[in-house]
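S.K.: Dropping the structure in here first, questions after.
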Amino acid sequence: MTALPHSLSLEPTVRTDLGALYVSDCLDVLRELPADSVDLVVTSPPYDRQPKYGNGESYLRDWYSGFFLKVTQEVFRVLKPHGSFVLNYRSKRHGNERGLLQYEIVFWLRDQGFLFAEDFVWGKPSPPPGRFNRYLKDAVEYCFQFTKTGDWQFFPEACLTPARWDRKDVERRKKLAHNYDRADAPSGQGRKRVQAGPDMVRPSTLLSFEPEFLPNPTKHPARFPIALPDFFIRLMTQPGQVVLDPFGGTGTTGVAAEKLGRQWLLTELDANYATALPDRLAKGR
């Protein structure tokens with residue numbers, strides 16, 4: 001991996017011309033990276049109450065207020081001034097209440113110096129089925145965008161989507177007063193009809209991506225679809241820039257970055273999950 005702006009003492013488990021995955025504690029890797037060296041961090045840490053090592057332990061609040069905040073402090077250090085940190089997280093339901101940890105994390109990161117730039121809502125059209133007593137299917141997760149400064153990179157033109165209005169709506173919009181411009185005409189002041197809108201428009205902060213339904217040979221409990229990191233990589237980086245995922249899992253962020261021509265760096269503590277990445281890179285999904 002010759003182009004990345006850093007050299008690590010560890011040997012990567014997976015390597016391409018653009019990136020590498022290290023089976024290691026993410027803090028050990030982050031601490032080797034120079035300050036201001038990463039353009040985008042996209043990650044999804046273990047969710048609260050998720051099993052830890054198969055021995056009955058779970059990720060509880062003290063893991064987030066302790067270890068996780070050490071990770072985010074390093075993320076702040078390695079981010080470039082124009083960089084963004086996108087955190088996919090959703091607190092689990094505990095008894096009769098939705099957990100509040102997702103909101104606590106926002107305030108903790110602001111205390112570390114991050115700007116809370118935006119919150120994106122990931123809506124899942126086909127959430128997993130199940131019985132939820134007095135609750136409906138859990139079809140929403142959050143993607144919180146934090147930045148190091150107010151001058152973060154932003155490339156919405158790379159994420160344009162087809163406008164959703166149909167022909168009837170186009171005609172309706174053309175008749176609205178605010179869709180007319182004042183114009184000079186030979187017979188005097190007149191109005192000139194303008195288009196109802198462009199065919200391609202900026203996306204909204206409501207992201208509609210199906211959950212990950214591809215084969216899961218490593219039994220990873222919480223994979224996100226490749227469309228998720230793909231969207232943020234296109235929105236917040238340019239080709240050749242560096243994307244980091246400290247909780248790499250089966251390597252989804254790396255696969256997305258590789259396909260888009262970005263450099264990438266992943267860490268993952270569980271060697272079993274990392275075994276999925278070579279095949280995913282070969283297949284591009």
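In the structure tokens, chains take letters A, B, ... by order of appearance, with residues numbered from 1 within each chain and ligands from 1 in the order shown.
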Which residues come within 8 Å of Gln102 (chain A), counting only C-alpha atoms, excluding same-chain residues fewer than 6 positions away, as number ranges by chain?
M.R.: A: 89-91
S.K.: With DSSP run on the backbone, what are the helix (DSSP H, G or I) residues within region 215-259 of chain A? I'd like them as a list in words.
M.R.: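 Residues meeting the helix (DSSP H, G or I) criterion: Ala227, Leu228, Pro229, Asp230, Phe231, Phe232, Ile233, Arg234, Leu235, Met236, Thr252, Thr253, Gly254, Val255, Ala256, Ala257, Glu258 and Lys259 of chain A.
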S.K.: Skipping near chain neighbours, those fewer than 5 positions away, what residues fall within 9 Å of Asp230 (chain A) using only C-alpha atoms, listed as a PyMOL selection string?
M.R.: chain A and resi 235+253+255-257+259-260
S.K.: Check the smallest atom-to-atom distance from each of A:Ala271, A:Leu101, A:Leu207, A:Val201 to His220 (chain A) using only C-alpha atoms, then report the winner.
M.R.: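 Among A:Ala271, A:Leu101, A:Leu207, A:Val201, it is A:Ala271 that comes nearest to His220 (chain A).
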S.K.: Would you list the contacts of Pro217 (chain A) as a list in words, taking every protein, DNA or RNA residue within 8 Å and counting only C-alpha atoms, but skipping same-chain residues closer than 2 positions in sequence?
M.R.: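 These residues fall inside the cut-off: Pro215, Lys219 and Ala276 of chain A.
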S.K.: Output C-alpha atoms for every residue in the selection just made, as a PDB file, in the first residue's frame.
M.R.:
```pdb
ATOM      1  CA  PRO A 215     -24.716 -14.255   2.529  1.00  0.00           C
ATOM      2  CA  LYS A 219     -22.229 -14.615  11.188  1.00  0.00           C
ATOM      3  CA  ALA A 276     -14.808 -12.257   4.574  1.00  0.00           C
TER       4      ALA A 276
END
```
S.K.: Please, what distance in Å, to one decimal, runs between CA of Trp108 (chain A) and CA of Ser84 (chain A)?
M.R.: 16.5 Å
S.K.: For a quick check of understanding, using only C-alpha atoms, which of A:Thr13, A:Gln153, A:Ser208, A:Ser24 has the smallest distance to Gln241 (chain A)?
M.R.: A:Gln153
S.K.: Go through A:Thr147, A:Asp119, A:Ala139, A:Pro225 and flag the residue nearest Arg77 (chain A), using only C-alpha atoms for the distances.
M.R.: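 Going through A:Thr147, A:Asp119, A:Ala139, A:Pro225 one by one, the smallest distance to Arg77 (chain A) is for A:Thr147.
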